[in-house]
Each structure stands twice: as structure tokens, then as C-alpha cells.
>>> print(open('start.txt').read())   # compact mmCIF, C-alpha atoms
# COMPACT_ATOMS: atom_id res chain seq x y z
CA MET A 75 153.64 -251.07 -41.77
CA SER A 76 154.19 -248.67 -44.66
CA LEU A 77 156.51 -245.76 -43.90
CA ASP A 78 155.36 -242.22 -44.61
CA ASP A 79 157.50 -239.78 -46.58
CA ARG A 80 158.96 -238.16 -43.47
CA LYS A 81 160.26 -241.45 -42.06
CA LEU A 82 161.66 -242.32 -45.48
CA ASP A 83 163.46 -238.96 -45.51
CA VAL A 84 164.90 -239.75 -42.08
CA LEU A 85 166.09 -243.15 -43.29
CA ARG A 86 167.67 -241.61 -46.38
CA ALA A 87 169.48 -239.07 -44.21
CA ILE A 88 170.75 -241.80 -41.86
CA VAL A 89 172.11 -243.87 -44.75
CA GLU A 90 173.78 -240.89 -46.42
CA ASP A 91 175.36 -239.66 -43.18
CA TYR A 92 176.57 -243.09 -42.08
CA VAL A 93 178.12 -243.80 -45.49
CA ALA A 94 179.87 -240.41 -45.41
CA THR A 95 181.05 -240.35 -41.78
CA GLN A 96 181.38 -244.02 -40.79
CA GLU A 97 179.84 -242.98 -37.47
CA PRO A 98 176.45 -243.98 -36.00
CA VAL A 99 173.94 -241.18 -36.61
CA GLY A 100 171.96 -239.44 -33.87
CA SER A 101 168.78 -237.36 -34.09
CA LYS A 102 170.54 -234.09 -33.26
CA ALA A 103 173.05 -234.55 -36.06
CA LEU A 104 170.23 -235.32 -38.52
CA VAL A 105 168.39 -232.11 -37.66
CA GLU A 106 171.57 -230.06 -37.97
CA ARG A 107 172.71 -231.55 -41.29
CA HIS A 108 169.41 -232.03 -43.11
CA GLN A 109 166.42 -229.83 -43.80
CA LEU A 110 163.88 -232.24 -42.32
CA GLY A 111 161.53 -229.50 -41.13
CA VAL A 112 160.74 -231.20 -37.80
CA SER A 113 162.05 -231.14 -34.24
CA PRO A 114 164.68 -233.49 -32.82
CA ALA A 115 161.92 -235.12 -30.74
CA THR A 116 159.95 -235.96 -33.87
CA VAL A 117 163.08 -237.33 -35.52
CA ARG A 118 163.71 -239.50 -32.44
CA ASN A 119 160.19 -240.88 -32.70
CA ASP A 120 160.64 -241.62 -36.40
CA MET A 121 163.96 -243.33 -35.65
CA ALA A 122 162.25 -245.47 -33.02
CA VAL A 123 159.71 -246.61 -35.62
CA LEU A 124 162.47 -247.31 -38.16
CA GLU A 125 164.34 -249.35 -35.56
CA GLU A 126 161.22 -251.29 -34.60
CA GLU A 127 160.61 -252.09 -38.28
CA GLY A 128 164.18 -253.33 -38.73
CA TYR A 129 165.53 -250.58 -41.00
CA ILE A 130 168.10 -249.22 -38.53
CA ARG A 131 169.79 -250.53 -35.39
CA GLN A 132 171.79 -249.28 -32.44
CA PRO A 133 175.26 -250.86 -32.55
CA HIS A 134 175.84 -250.26 -28.84
CA THR A 135 174.28 -248.40 -25.92
CA SER A 136 174.33 -244.60 -26.05
CA ALA A 137 175.22 -244.66 -29.73
CA GLY A 138 173.36 -243.31 -32.70
CA ARG A 139 171.81 -245.60 -35.28
CA VAL A 140 173.19 -247.34 -38.36
CA PRO A 141 171.26 -248.83 -41.28
CA THR A 142 170.55 -252.55 -41.43
CA ASP A 143 170.66 -254.65 -44.59
CA ARG A 144 166.91 -254.10 -44.84
CA GLY A 145 167.42 -250.35 -44.54
CA TYR A 146 170.04 -250.33 -47.29
CA ARG A 147 167.74 -252.40 -49.52
CA LEU A 148 164.90 -249.89 -49.08
CA PHE A 149 167.33 -247.05 -49.75
CA VAL A 150 168.57 -248.68 -52.98
CA ASP A 151 165.09 -249.63 -54.20
CA ARG A 152 163.18 -246.46 -53.35
CA LEU A 153 165.26 -243.68 -51.89
CA SER A 154 168.59 -243.38 -53.65
CA ARG A 155 169.01 -240.70 -56.27
CA VAL A 156 171.07 -241.59 -59.33
CA LYS A 157 174.39 -239.77 -59.14
CA PRO A 158 175.33 -239.12 -62.78
CA LEU A 159 179.00 -239.05 -63.66
CA SER A 160 180.40 -235.67 -64.54
CA PRO A 161 181.57 -235.00 -68.12
CA ALA A 162 185.15 -235.00 -66.81
CA GLU A 163 184.68 -238.44 -65.22
CA ARG A 164 183.19 -239.82 -68.42
CA ARG A 165 186.05 -238.45 -70.50
CA ALA A 166 188.58 -239.93 -68.07
CA ILE A 167 186.96 -243.39 -68.34
CA GLU A 168 186.84 -243.20 -72.12
CA ARG A 169 190.47 -242.06 -72.45
CA PHE A 170 191.77 -244.65 -70.00
CA LEU A 171 190.01 -247.58 -71.68
CA ALA A 172 190.66 -246.34 -75.24
CA GLY A 173 194.41 -246.67 -74.63
CA ALA A 174 194.16 -250.46 -74.25
CA LEU A 175 196.37 -252.47 -76.59
CA ASP A 176 194.61 -255.86 -76.54
CA LEU A 177 191.96 -257.82 -74.64
CA ASP A 178 194.18 -258.52 -71.64
CA ASP A 179 194.93 -254.82 -71.42
CA VAL A 180 191.21 -253.97 -71.67
CA VAL A 181 190.37 -256.30 -68.77
CA HIS A 182 193.23 -255.14 -66.56
CA ARG A 183 192.54 -251.47 -67.22
CA THR A 184 188.85 -252.03 -66.50
CA VAL A 185 189.38 -253.78 -63.18
CA ARG A 186 191.90 -251.15 -62.01
CA LEU A 187 189.61 -248.34 -63.09
CA LEU A 188 186.61 -249.78 -61.24
CA ALA A 189 188.64 -250.23 -58.07
CA GLN A 190 190.00 -246.69 -58.23
CA LEU A 191 186.69 -244.98 -59.00
CA THR A 192 184.56 -246.85 -56.45
CA ARG A 193 187.26 -247.49 -53.81
CA GLN A 194 185.97 -251.06 -53.57
CA VAL A 195 187.17 -254.49 -54.67
CA ALA A 196 186.62 -254.79 -58.43
CA VAL A 197 185.95 -258.03 -60.30
CA VAL A 198 185.93 -258.41 -64.10
CA GLN A 199 185.22 -261.63 -65.97
CA TYR A 200 187.13 -262.14 -69.20
CA PRO A 201 184.81 -262.50 -72.19
CA SER A 202 183.44 -266.02 -72.00
CA LEU A 203 184.33 -268.30 -74.89
CA SER A 204 180.91 -269.94 -74.67
CA ARG A 205 179.28 -266.56 -75.39
CA SER A 206 181.71 -265.52 -78.13
CA SER A 207 181.73 -265.94 -81.89
CA VAL A 208 184.61 -266.84 -84.19
CA ARG A 209 186.21 -263.87 -85.91
CA HIS A 210 189.09 -265.75 -87.55
CA LEU A 211 190.91 -269.08 -87.46
CA GLU A 212 194.56 -269.29 -88.41
CA LEU A 213 196.77 -272.32 -89.08
CA VAL A 214 200.46 -271.49 -88.87
CA PRO A 215 202.80 -274.25 -90.14
CA ILE A 216 205.60 -274.98 -87.68
CA SER A 217 206.84 -278.05 -89.55
CA THR A 218 205.30 -280.57 -91.95
CA THR A 219 203.73 -282.42 -88.99
CA ARG A 220 203.01 -279.57 -86.63
CA VAL A 221 200.81 -276.44 -86.87
CA MET A 222 199.76 -273.68 -84.52
CA LEU A 223 195.96 -273.34 -84.38
CA VAL A 224 194.94 -269.80 -83.46
CA MET A 225 191.34 -268.77 -82.83
CA ILE A 226 190.39 -265.11 -82.52
CA ALA A 227 186.94 -264.42 -81.04
CA ASP A 228 184.80 -261.40 -81.81
CA THR A 229 185.65 -260.05 -78.35
CA GLY A 230 189.36 -260.00 -79.15
CA ARG A 231 190.06 -263.08 -77.04
CA VAL A 232 192.82 -265.19 -78.60
CA GLU A 233 193.30 -268.92 -77.97
CA GLN A 234 196.12 -270.90 -79.53
CA ARG A 235 197.13 -274.56 -79.46
CA LEU A 236 200.04 -276.51 -80.92
CA VAL A 237 198.68 -279.45 -82.96
CA GLU A 238 200.66 -282.58 -83.79
CA LEU A 239 199.41 -283.86 -87.18
CA PRO A 240 199.05 -287.58 -87.92
CA ALA A 241 201.14 -287.30 -91.11
CA PRO A 242 203.18 -284.69 -93.01
CA VAL A 243 201.02 -282.00 -94.64
CA PRO A 244 202.30 -279.65 -97.38
CA VAL A 245 201.93 -275.89 -96.93
CA ASP A 246 199.34 -275.51 -99.70
CA ALA A 247 197.18 -278.18 -98.01
CA VAL A 248 197.39 -276.23 -94.74
CA THR A 249 196.16 -273.18 -96.67
CA ASP A 250 193.16 -275.16 -97.96
CA LEU A 251 192.33 -276.40 -94.45
CA ARG A 252 192.52 -272.83 -93.11
CA ARG A 253 190.10 -271.66 -95.81
CA LEU A 254 187.63 -274.45 -95.05
CA LEU A 255 187.72 -273.77 -91.31
CA ASN A 256 187.04 -270.07 -91.80
CA GLU A 257 184.28 -270.63 -94.36
CA LYS A 258 182.50 -272.94 -91.95
CA LEU A 259 183.04 -271.24 -88.61
CA VAL A 260 183.61 -267.47 -88.96
CA GLY A 261 180.68 -265.59 -87.47
CA LYS A 262 179.35 -268.66 -85.65
CA ARG A 263 178.83 -268.77 -81.89
CA LEU A 264 181.27 -271.14 -80.24
CA SER A 265 178.37 -272.75 -78.39
CA ASP A 266 176.91 -273.65 -81.83
CA ALA A 267 180.21 -274.83 -83.31
CA PRO A 268 180.53 -278.54 -82.32
CA PRO A 269 178.25 -280.01 -85.04
CA LEU A 270 179.83 -277.69 -87.63
CA VAL A 271 183.33 -278.79 -86.64
CA GLN A 272 182.35 -282.46 -86.74
CA ALA A 273 180.76 -282.03 -90.19
CA LEU A 274 184.03 -280.66 -91.58
CA VAL A 275 185.67 -284.07 -91.20
CA GLU A 276 183.21 -285.54 -93.70
CA GLU A 277 183.34 -282.58 -96.06
CA VAL A 278 187.07 -282.57 -96.82
CA ALA A 279 188.77 -284.78 -99.37
CA PRO A 280 189.46 -288.34 -98.14
CA ASP A 281 193.22 -287.80 -98.00
CA ALA A 282 192.73 -284.81 -95.63
CA ARG A 283 190.27 -286.42 -93.25
CA ASN A 284 192.78 -287.66 -90.69
CA THR A 285 194.33 -284.19 -90.51
CA MET A 286 190.95 -282.45 -90.23
CA ALA A 287 189.86 -284.97 -87.57
CA THR A 288 192.93 -284.05 -85.51
CA LEU A 289 192.23 -280.32 -85.89
CA ALA A 290 188.56 -280.87 -85.06
CA THR A 291 189.49 -282.73 -81.89
CA VAL A 292 191.67 -279.86 -80.75
CA LEU A 293 188.95 -277.33 -81.55
CA LEU A 294 186.28 -279.28 -79.70
CA GLU A 295 188.35 -280.25 -76.67
CA THR A 296 190.35 -277.12 -76.03
CA LEU A 297 188.45 -274.24 -77.59
CA VAL A 298 184.76 -275.06 -77.72
CA GLU A 299 184.10 -277.39 -74.81
CA ARG A 300 186.41 -275.88 -72.21
CA HIS A 301 184.48 -274.40 -69.31
CA ASP A 302 187.17 -272.53 -67.40
CA GLU A 303 186.56 -268.83 -67.00
CA ARG A 304 189.17 -266.22 -66.20
CA ILE A 305 188.70 -263.50 -63.62
CA ALA A 306 190.63 -260.30 -62.90
CA LEU A 307 190.58 -258.80 -59.41
CA ALA A 308 191.82 -255.46 -58.05
CA GLY A 309 191.44 -253.27 -54.99
CA ARG A 310 191.54 -255.77 -52.13
CA ALA A 311 193.41 -253.17 -50.06
CA ASN A 312 190.28 -250.99 -50.25
CA LEU A 313 188.63 -253.35 -47.76
CA THR A 314 190.83 -251.86 -45.03
CA ARG A 315 189.50 -248.33 -45.57
CA GLY A 316 186.35 -248.85 -43.52
CA GLY A 317 185.37 -248.38 -39.90
CA LEU A 318 185.12 -250.91 -37.06
CA LEU A 319 181.50 -251.75 -37.85
CA ASP A 320 182.29 -252.85 -41.41
CA PHE A 321 182.65 -256.60 -41.97
CA GLN A 322 181.80 -257.46 -38.35
CA GLY A 323 185.37 -257.07 -37.23
CA SER A 324 187.20 -259.56 -39.47
CA LEU A 325 188.44 -259.36 -43.05
CA ARG A 326 189.86 -262.86 -43.14
CA PRO A 327 186.72 -264.73 -44.33
CA ILE A 328 186.21 -262.16 -47.09
CA LEU A 329 189.81 -262.35 -48.28
CA GLU A 330 189.64 -266.16 -48.27
CA ALA A 331 186.46 -266.07 -50.36
CA LEU A 332 188.09 -263.72 -52.86
CA GLU A 333 190.82 -266.31 -53.49
CA GLU A 334 188.29 -268.71 -55.04
CA GLU A 335 187.50 -268.13 -58.73
CA VAL A 336 184.27 -270.13 -58.46
CA ILE A 337 183.08 -267.71 -55.78
CA LEU A 338 184.08 -264.70 -57.87
CA LEU A 339 182.05 -266.01 -60.80
CA LYS A 340 179.07 -266.52 -58.49
CA LEU A 341 179.44 -262.92 -57.36
CA LEU A 342 178.80 -261.70 -60.88
CA GLY A 343 175.75 -263.93 -61.19
CA GLU A 344 173.60 -264.26 -64.28
CA VAL A 345 174.20 -260.77 -65.58
CA ASP A 346 172.87 -258.99 -68.63
CA ALA A 347 173.30 -255.50 -70.04
CA ASP A 348 169.95 -254.17 -68.88
CA THR A 349 170.05 -255.52 -65.32
CA LEU A 350 172.13 -254.30 -62.43
CA LEU A 351 172.34 -256.88 -59.64
CA ILE A 352 172.67 -255.46 -56.14
CA ARG A 353 173.03 -257.97 -53.32
CA ILE A 354 173.20 -256.55 -49.82
CA GLY A 355 174.49 -258.43 -46.79
CA ASP A 356 172.52 -261.61 -46.18
CA GLU A 357 171.22 -261.54 -49.77
CA ASN A 358 174.63 -262.96 -50.74
CA GLU A 359 174.58 -266.75 -51.04
CA ILE A 360 178.17 -267.10 -49.85
CA ASP A 361 178.43 -267.16 -46.06
CA ASN A 362 181.82 -265.45 -45.90
CA LEU A 363 180.49 -262.49 -47.89
CA ARG A 364 177.35 -261.74 -45.89
CA SER A 365 178.85 -258.60 -44.41
CA THR A 366 179.39 -257.19 -47.91
CA SER A 367 177.41 -255.76 -50.80
CA VAL A 368 177.95 -256.59 -54.46
CA VAL A 369 176.98 -254.41 -57.45
CA SER A 370 177.37 -256.16 -60.83
CA THR A 371 176.19 -256.06 -64.41
CA GLY A 372 176.95 -257.61 -67.79
CA TYR A 373 179.00 -256.13 -70.61
CA GLY A 374 179.54 -256.84 -74.27
CA PRO A 375 179.32 -255.41 -77.77
CA GLY A 376 175.81 -254.18 -78.55
CA ALA A 377 173.14 -256.46 -77.10
CA THR A 378 175.54 -259.41 -76.80
CA ILE A 379 176.72 -260.14 -73.26
CA VAL A 380 180.12 -261.80 -73.09
CA GLY A 381 181.02 -261.34 -69.42
CA GLY A 382 180.25 -259.63 -66.14
CA LEU A 383 181.89 -256.99 -64.00
CA GLY A 384 181.19 -255.47 -60.63
CA VAL A 385 182.45 -254.36 -57.25
CA LEU A 386 182.34 -255.72 -53.71
CA GLY A 387 182.57 -253.67 -50.54
CA PRO A 388 180.97 -253.05 -47.17
CA THR A 389 177.21 -252.68 -46.93
CA ARG A 390 178.07 -249.11 -45.93
CA MET A 391 178.58 -248.23 -49.58
CA ASP A 392 177.96 -245.17 -51.72
CA TYR A 393 175.28 -246.99 -53.71
CA PRO A 394 174.29 -244.15 -56.08
CA GLY A 395 177.90 -243.42 -57.03
CA THR A 396 178.85 -247.09 -57.30
CA ILE A 397 175.83 -247.93 -59.45
CA ALA A 398 176.55 -245.06 -61.84
CA THR A 399 180.22 -246.04 -62.15
CA VAL A 400 179.57 -249.76 -62.73
CA ARG A 401 176.99 -248.96 -65.41
CA ALA A 402 179.21 -246.41 -67.16
CA VAL A 403 182.32 -248.61 -67.20
CA ALA A 404 180.32 -251.62 -68.49
CA ARG A 405 178.91 -249.48 -71.30
CA TYR A 406 182.33 -248.16 -72.33
CA VAL A 407 183.89 -251.64 -72.29
CA GLY A 408 181.04 -252.96 -74.44
CA ASP A 409 181.48 -250.10 -76.92
CA LEU A 410 185.22 -250.72 -77.03
CA LEU A 411 184.75 -254.41 -77.83
CA GLY A 412 182.15 -253.57 -80.45
CA ASN A 413 184.37 -251.03 -82.19
CA ASN A 414 187.38 -253.30 -82.24
>>> encode(input="start.txt", output="C-alpha cells")
Amino acid sequence: MSLDDRKLDVLRAIVEDYVATQEPVGSKALVERHQLGVSPATVRNDMAVLEEEGYIRQPHTSAGRVPTDRGYRLFVDRLSRVKPLSPAERRAIERFLAGALDLDDVVHRTVRLLAQLTRQVAVVQYPSLSRSSVRHLELVPISTTRVMLVMIADTGRVEQRLVELPAPVPVDAVTDLRRLLNEKLVGKRLSDAPPLVQALVEEVAPDARNTMATLATVLLETLVERHDERIALAGRANLTRGGLLDFQGSLRPILEALEEEVILLKLLGEVDADTLLIRIGDENEIDNLRSTSVVSTGYGPGATIVGGLGVLGPTRMDYPGTIATVRAVARYVGDLLGNN
């Protein structure tokens, strides 16, 4: 059955009131708070149809109605109005993020900001090495047989490894190796780097091949082929802000799920800059999170996506405000990485 505009207006009003009040919504309250232009009896009839179609439900006898996951999905897809951030909010985001000192600071400021603005749990993925490009490679001599290998990615991510060399290497030879590494790899995606790194071993002078082979092994094993991803989390205490109907009475399964980094990465999903993923209730693949909603997107400099960010909270969420905030913060973080 397709719903007419009046029933859609009733559903929108129910969602907005329930999100705002945390209380089941009755027909009388809807008529008093919203300009629906119909009688309470008509609203009751419309609510009965919405309940029959699975968009709202009655949590207990003699109560008003609350939206279901299906009702929230219809609200997000068709009924919600974008809630643009005010100029003051945009300036506050820009100032807060612009004060970051390095990549770690960017990520931690971002996750705190998202949690504060949305009053939800915020999740931010560090820029993925597999999606990054090499900005600079540095070899710092520690002794004649030991160097520090430092890789700086275009996102500002820094990885460093101590390398034991197979034989003593003079400082000027270290300088030559540094130049060769940068000539070959700067500007290249790390996912494209393995054959370039391997080729370097054959391209250097014979007396430097053992040293370059050792450096190449470190690059391939610890910088290029490593698959671990880092996640920052903030705002878990916000889960306690809700009413009794949020999370079906228990926070424990949700808190346990949030301890697992693999689950947090799944939350962000396959994100890109143009797509906002909104998963509501049972749309979440993870059983322990099926009483929650997740709003996530990708971020990165320009059109390049290097990570994801988002928020998790009850299905009773301010979707328009959350969507606007997640989009705005992702855009500012991407601009910040691009400028730096």
C-alpha cells in the first residue's frame, strides 16, 4: 500500500516528536503540536494504517506509538528535511580542526567533535596506508649498521622502523639510497609500490644490493603489506542519555561490540565521499548492534578517500542533524588533509 501525503505527514510528526521527547506519541499530542489540518479521529485512523503497515508500533497497552525501523527508514529516505549547519557551527568546526598539530591530533579532534556535536558514539578510521601515497621517505643513520626508515604519507601519517643493515654503510651511501627511494616512490600509491620496491634492488650498484634488499624487505613487510587499521572512538557515555525504549533495555552487547576493532571497521563499511551510509536497526549486519543506527561516510583530500568516519546511536536519532554534521566534518577533515 502506498501512503498518501497526509499519512506521511503523520509519520514525520511521530518521528520528530519521539526523537525530541523520548516518549511514545499519541494522536492528541500530534494535533496539538503540528498543523496537520485534520481531527484527532482522522489522525487515529492514519496511525492505525501506519501501524498495520509496520511503520509505527505500540510499545505497551494504553501507550502512544513509536516508529519502527521501517518507519525510520521511510523518514530518512523520503521525509526528513536536511538541517543545514549554522554559520556559527561551521566556523566552530573549522576553528577546532584547524588547530590540529599532526595527524593524530586531527583524528582525535575529529572523533571528539563528532561525539560532542551529535551526542552519539563517534568512530573515525585513521587514514588507511593502503589508500595513501608516499610523500617522502627518510633514512636517518643511527650507526654504520643501523638506520631509521621513516615514511610520510600524503595524509600526514608517519610510519617509522629501525633497520639493521647487513654490513656497515657510510653516510654518503645512505644519502644515495635515500635519493633513490624518493625518486622511485614519491607520489606513488602504497598499493602500487611492491613491484617498484622490488625493482630497486636490481637498479642499485652491486655493492649496495644487500643493503637495498634489507630496506626493501622492511618497506614491503611493515609499511606496504601491513593490513592493520587504526580506529579512534569517543562518546560511549552518550549511549546512557536515552530512554528505556532505546537499545531494548541493555547496553552491554553494544559496549562489547564497540570493543572490537574489526566490528568498528565494519561499521564504517565501504565508504566514499559522495555516499552517506545509513543503517537502521536490523539493517546492521552485527547482531549486537541491531538496536542502533549508524551514519557514516568517507573522507580524504579531494576525490581521494583515505578513511571513514561516522556515528552510532539509538534508532531514535536526530537523523537530519546527524547527517548534516557527519557530512560537514568529513568535508572539513578532507580539506585539512588536502591543504597540509
>>> atom_distance(input="start.txt", atom1="CA of Val380 (chain A)", atom2="CA of Val403 (chain A)")
14.6 Å
>>> residues_around(input="start.txt", residues="Leu259 (chain A)", least_positions_apart="6", cutoff="10 Å", atoms="all atoms listed in the file", output="PyMOL selection string")
chain A and resi 207-211+266-268+270-271+274
>>> closest_residue(input="start.txt", among="A:Asp356, A:Glu168, A:Asp281, A:Asp250", to="Tyr406 (chain A)", atoms="all atoms listed in the file")
A:Glu168
>>> closest_residue(input="start.txt", among="A:Tyr200, A:Phe321, A:Tyr146, A:Tyr92", to="Ile354 (chain A)", atoms="only C-alpha atoms")
A:Tyr146
>>> closest_residue(input="start.txt", among="A:Val197, A:Leu85, A:Ala94, A:Val292", to="Arg390 (chain A)", atoms="only C-alpha atoms")
A:Ala94
>>> closest_residue(input="start.txt", among="A:Pro242, A:Val407, A:Thr116, A:Gly395", to="Phe170 (chain A)", atoms="all atoms listed in the file")
A:Val407
>>> closest_residue(input="start.txt", among="A:Gly382, A:Pro215, A:Gly408, A:Pro375", to="Arg252 (chain A)", atoms="all atoms listed in the file")
A:Pro215
>>> residues_around(input="start.txt", residues="region 172-187 of chain A", least_positions_apart="6", cutoff="7 Å", atoms="all atoms listed in the file", output="PyMOL selection string")
chain A and resi 196-198+200+230-231+306-308
>>> closest_residue(input="start.txt", among="A:Thr371, A:Asn413, A:Gln96, A:Thr285", to="Ala398 (chain A)", atoms="all atoms listed in the file")
A:Thr371
>>> atom_distance(input="start.txt", atom1="CA of Gly355 (chain A)", atom2="CA of Thr389 (chain A)")
6.4 Å
>>> atom_distance(input="start.txt", atom1="CA of Glu106 (chain A)", atom2="CA of Arg80 (chain A)")
16.0 Å
>>> residues_near_point(input="start.txt", point="(167.3, -252.4, -54.9)", cutoff="10 Å", atoms="all atoms listed in the file", output="PDB file with C-alpha atoms, keeping the file's coordinate frame")
ATOM      1  CA  TYR A 146     170.040-250.330 -47.290  1.00  0.00           C
ATOM      2  CA  ARG A 147     167.740-252.400 -49.520  1.00  0.00           C
ATOM      3  CA  LEU A 148     164.900-249.890 -49.080  1.00  0.00           C
ATOM      4  CA  PHE A 149     167.330-247.050 -49.750  1.00  0.00           C
ATOM      5  CA  VAL A 150     168.570-248.680 -52.980  1.00  0.00           C
ATOM      6  CA  ASP A 151     165.090-249.630 -54.200  1.00  0.00           C
ATOM      7  CA  ARG A 152     163.180-246.460 -53.350  1.00  0.00           C
ATOM      8  CA  LEU A 153     165.260-243.680 -51.890  1.00  0.00           C
ATOM      9  CA  SER A 154     168.590-243.380 -53.650  1.00  0.00           C
ATOM     10  CA  LEU A 350     172.130-254.300 -62.430  1.00  0.00           C
ATOM     11  CA  LEU A 351     172.340-256.880 -59.640  1.00  0.00           C
ATOM     12  CA  ILE A 352     172.670-255.460 -56.140  1.00  0.00           C
ATOM     13  CA  ARG A 353     173.030-257.970 -53.320  1.00  0.00           C
ATOM     14  CA  ILE A 354     173.200-256.550 -49.820  1.00  0.00           C
ATOM     15  CA  TYR A 393     175.280-246.990 -53.710  1.00  0.00           C
TER      16      TYR A 393
END
>>> residues_around(input="start.txt", residues="Ser101 (chain A)", least_positions_apart="4", cutoff="7 Å", atoms="all atoms listed in the file", output="list of chain:residue names")
A:Val105, A:Pro114, A:Val117, A:Arg118
>>> write_last_selection(input="start.txt", atoms="C-alpha atoms", output="mmCIF file, in the frame of the given file")
data_model
loop_
_atom_site.group_PDB
_atom_site.id
_atom_site.type_symbol
_atom_site.label_atom_id
_atom_site.label_comp_id
_atom_site.auth_asym_id
_atom_site.auth_seq_id
_atom_site.Cartn_x
_atom_site.Cartn_y
_atom_site.Cartn_z
ATOM 1 C CA VAL A 105 168.390 -232.110 -37.660
ATOM 2 C CA PRO A 114 164.680 -233.490 -32.820
ATOM 3 C CA VAL A 117 163.080 -237.330 -35.520
ATOM 4 C CA ARG A 118 163.710 -239.500 -32.440
#
>>> decode(input="start.txt", residues="region 285-293 of chain A", atoms="all heavy atoms", output="PDB file, in the first residue's frame")
ATOM      1  N   THR A 285      72.140  -4.112   1.002  1.00  0.00           N
ATOM      2  CA  THR A 285      71.526  -3.068   1.836  1.00  0.00           C
ATOM      3  C   THR A 285      70.146  -2.697   1.322  1.00  0.00           C
ATOM      4  O   THR A 285      69.180  -2.598   2.098  1.00  0.00           O
ATOM      5  CB  THR A 285      72.422  -1.818   1.865  1.00  0.00           C
ATOM      6  OG1 THR A 285      73.700  -2.165   2.383  1.00  0.00           O
ATOM      7  CG2 THR A 285      71.796  -0.732   2.722  1.00  0.00           C
ATOM      8  N   MET A 286      70.005  -2.493   0.002  1.00  0.00           N
ATOM      9  CA  MET A 286      68.705  -2.139  -0.558  1.00  0.00           C
ATOM     10  C   MET A 286      67.711  -3.277  -0.376  1.00  0.00           C
ATOM     11  O   MET A 286      66.514  -3.039  -0.131  1.00  0.00           O
ATOM     12  CB  MET A 286      68.839  -1.785  -2.036  1.00  0.00           C
ATOM     13  CG  MET A 286      67.523  -1.364  -2.682  1.00  0.00           C
ATOM     14  SD  MET A 286      66.767   0.097  -1.882  1.00  0.00           S
ATOM     15  CE  MET A 286      67.659   1.427  -2.703  1.00  0.00           C
ATOM     16  N   ALA A 287      68.182  -4.531  -0.476  1.00  0.00           N
ATOM     17  CA  ALA A 287      67.280  -5.673  -0.273  1.00  0.00           C
ATOM     18  C   ALA A 287      66.729  -5.667   1.146  1.00  0.00           C
ATOM     19  O   ALA A 287      65.544  -5.960   1.373  1.00  0.00           O
ATOM     20  CB  ALA A 287      68.023  -6.975  -0.562  1.00  0.00           C
ATOM     21  N   THR A 288      67.576  -5.322   2.118  1.00  0.00           N
ATOM     22  CA  THR A 288      67.116  -5.250   3.513  1.00  0.00           C
ATOM     23  C   THR A 288      66.081  -4.140   3.680  1.00  0.00           C
ATOM     24  O   THR A 288      65.038  -4.325   4.317  1.00  0.00           O
ATOM     25  CB  THR A 288      68.312  -5.002   4.442  1.00  0.00           C
ATOM     26  OG1 THR A 288      69.247  -6.058   4.291  1.00  0.00           O
ATOM     27  CG2 THR A 288      67.861  -4.916   5.892  1.00  0.00           C
ATOM     28  N   LEU A 289      66.366  -2.960   3.110  1.00  0.00           N
ATOM     29  CA  LEU A 289      65.407  -1.851   3.186  1.00  0.00           C
ATOM     30  C   LEU A 289      64.098  -2.207   2.486  1.00  0.00           C
ATOM     31  O   LEU A 289      63.006  -1.888   2.972  1.00  0.00           O
ATOM     32  CB  LEU A 289      66.017  -0.598   2.557  1.00  0.00           C
ATOM     33  CG  LEU A 289      67.212   0.018   3.286  1.00  0.00           C
ATOM     34  CD1 LEU A 289      67.841   1.113   2.432  1.00  0.00           C
ATOM     35  CD2 LEU A 289      66.787   0.569   4.646  1.00  0.00           C
ATOM     36  N   ALA A 290      64.219  -2.873   1.334  1.00  0.00           N
ATOM     37  CA  ALA A 290      63.016  -3.256   0.586  1.00  0.00           C
ATOM     38  C   ALA A 290      62.165  -4.221   1.387  1.00  0.00           C
ATOM     39  O   ALA A 290      60.931  -4.126   1.392  1.00  0.00           O
ATOM     40  CB  ALA A 290      63.416  -3.880  -0.752  1.00  0.00           C
ATOM     41  N   THR A 291      62.812  -5.153   2.071  1.00  0.00           N
ATOM     42  CA  THR A 291      62.061  -6.108   2.897  1.00  0.00           C
ATOM     43  C   THR A 291      61.275  -5.397   3.986  1.00  0.00           C
ATOM     44  O   THR A 291      60.099  -5.700   4.237  1.00  0.00           O
ATOM     45  CB  THR A 291      63.031  -7.128   3.533  1.00  0.00           C
ATOM     46  OG1 THR A 291      63.681  -7.856   2.494  1.00  0.00           O
ATOM     47  CG2 THR A 291      62.284  -8.104   4.429  1.00  0.00           C
ATOM     48  N   VAL A 292      61.921  -4.431   4.623  1.00  0.00           N
ATOM     49  CA  VAL A 292      61.228  -3.680   5.674  1.00  0.00           C
ATOM     50  C   VAL A 292      60.056  -2.894   5.087  1.00  0.00           C
ATOM     51  O   VAL A 292      58.953  -2.875   5.652  1.00  0.00           O
ATOM     52  CB  VAL A 292      62.211  -2.733   6.392  1.00  0.00           C
ATOM     53  CG1 VAL A 292      61.461  -1.825   7.363  1.00  0.00           C
ATOM     54  CG2 VAL A 292      63.272  -3.542   7.130  1.00  0.00           C
ATOM     55  N   LEU A 293      60.284  -2.243   3.948  1.00  0.00           N
ATOM     56  CA  LEU A 293      59.209  -1.495   3.308  1.00  0.00           C
ATOM     57  C   LEU A 293      58.027  -2.387   2.972  1.00  0.00           C
ATOM     58  O   LEU A 293      56.868  -2.058   3.247  1.00  0.00           O
ATOM     59  CB  LEU A 293      59.726  -0.823   2.034  1.00  0.00           C
ATOM     60  CG  LEU A 293      60.356   0.557   2.180  1.00  0.00           C
ATOM     61  CD1 LEU A 293      61.021   0.973   0.882  1.00  0.00           C
ATOM     62  CD2 LEU A 293      59.311   1.588   2.603  1.00  0.00           C
TER      63      LEU A 293
END
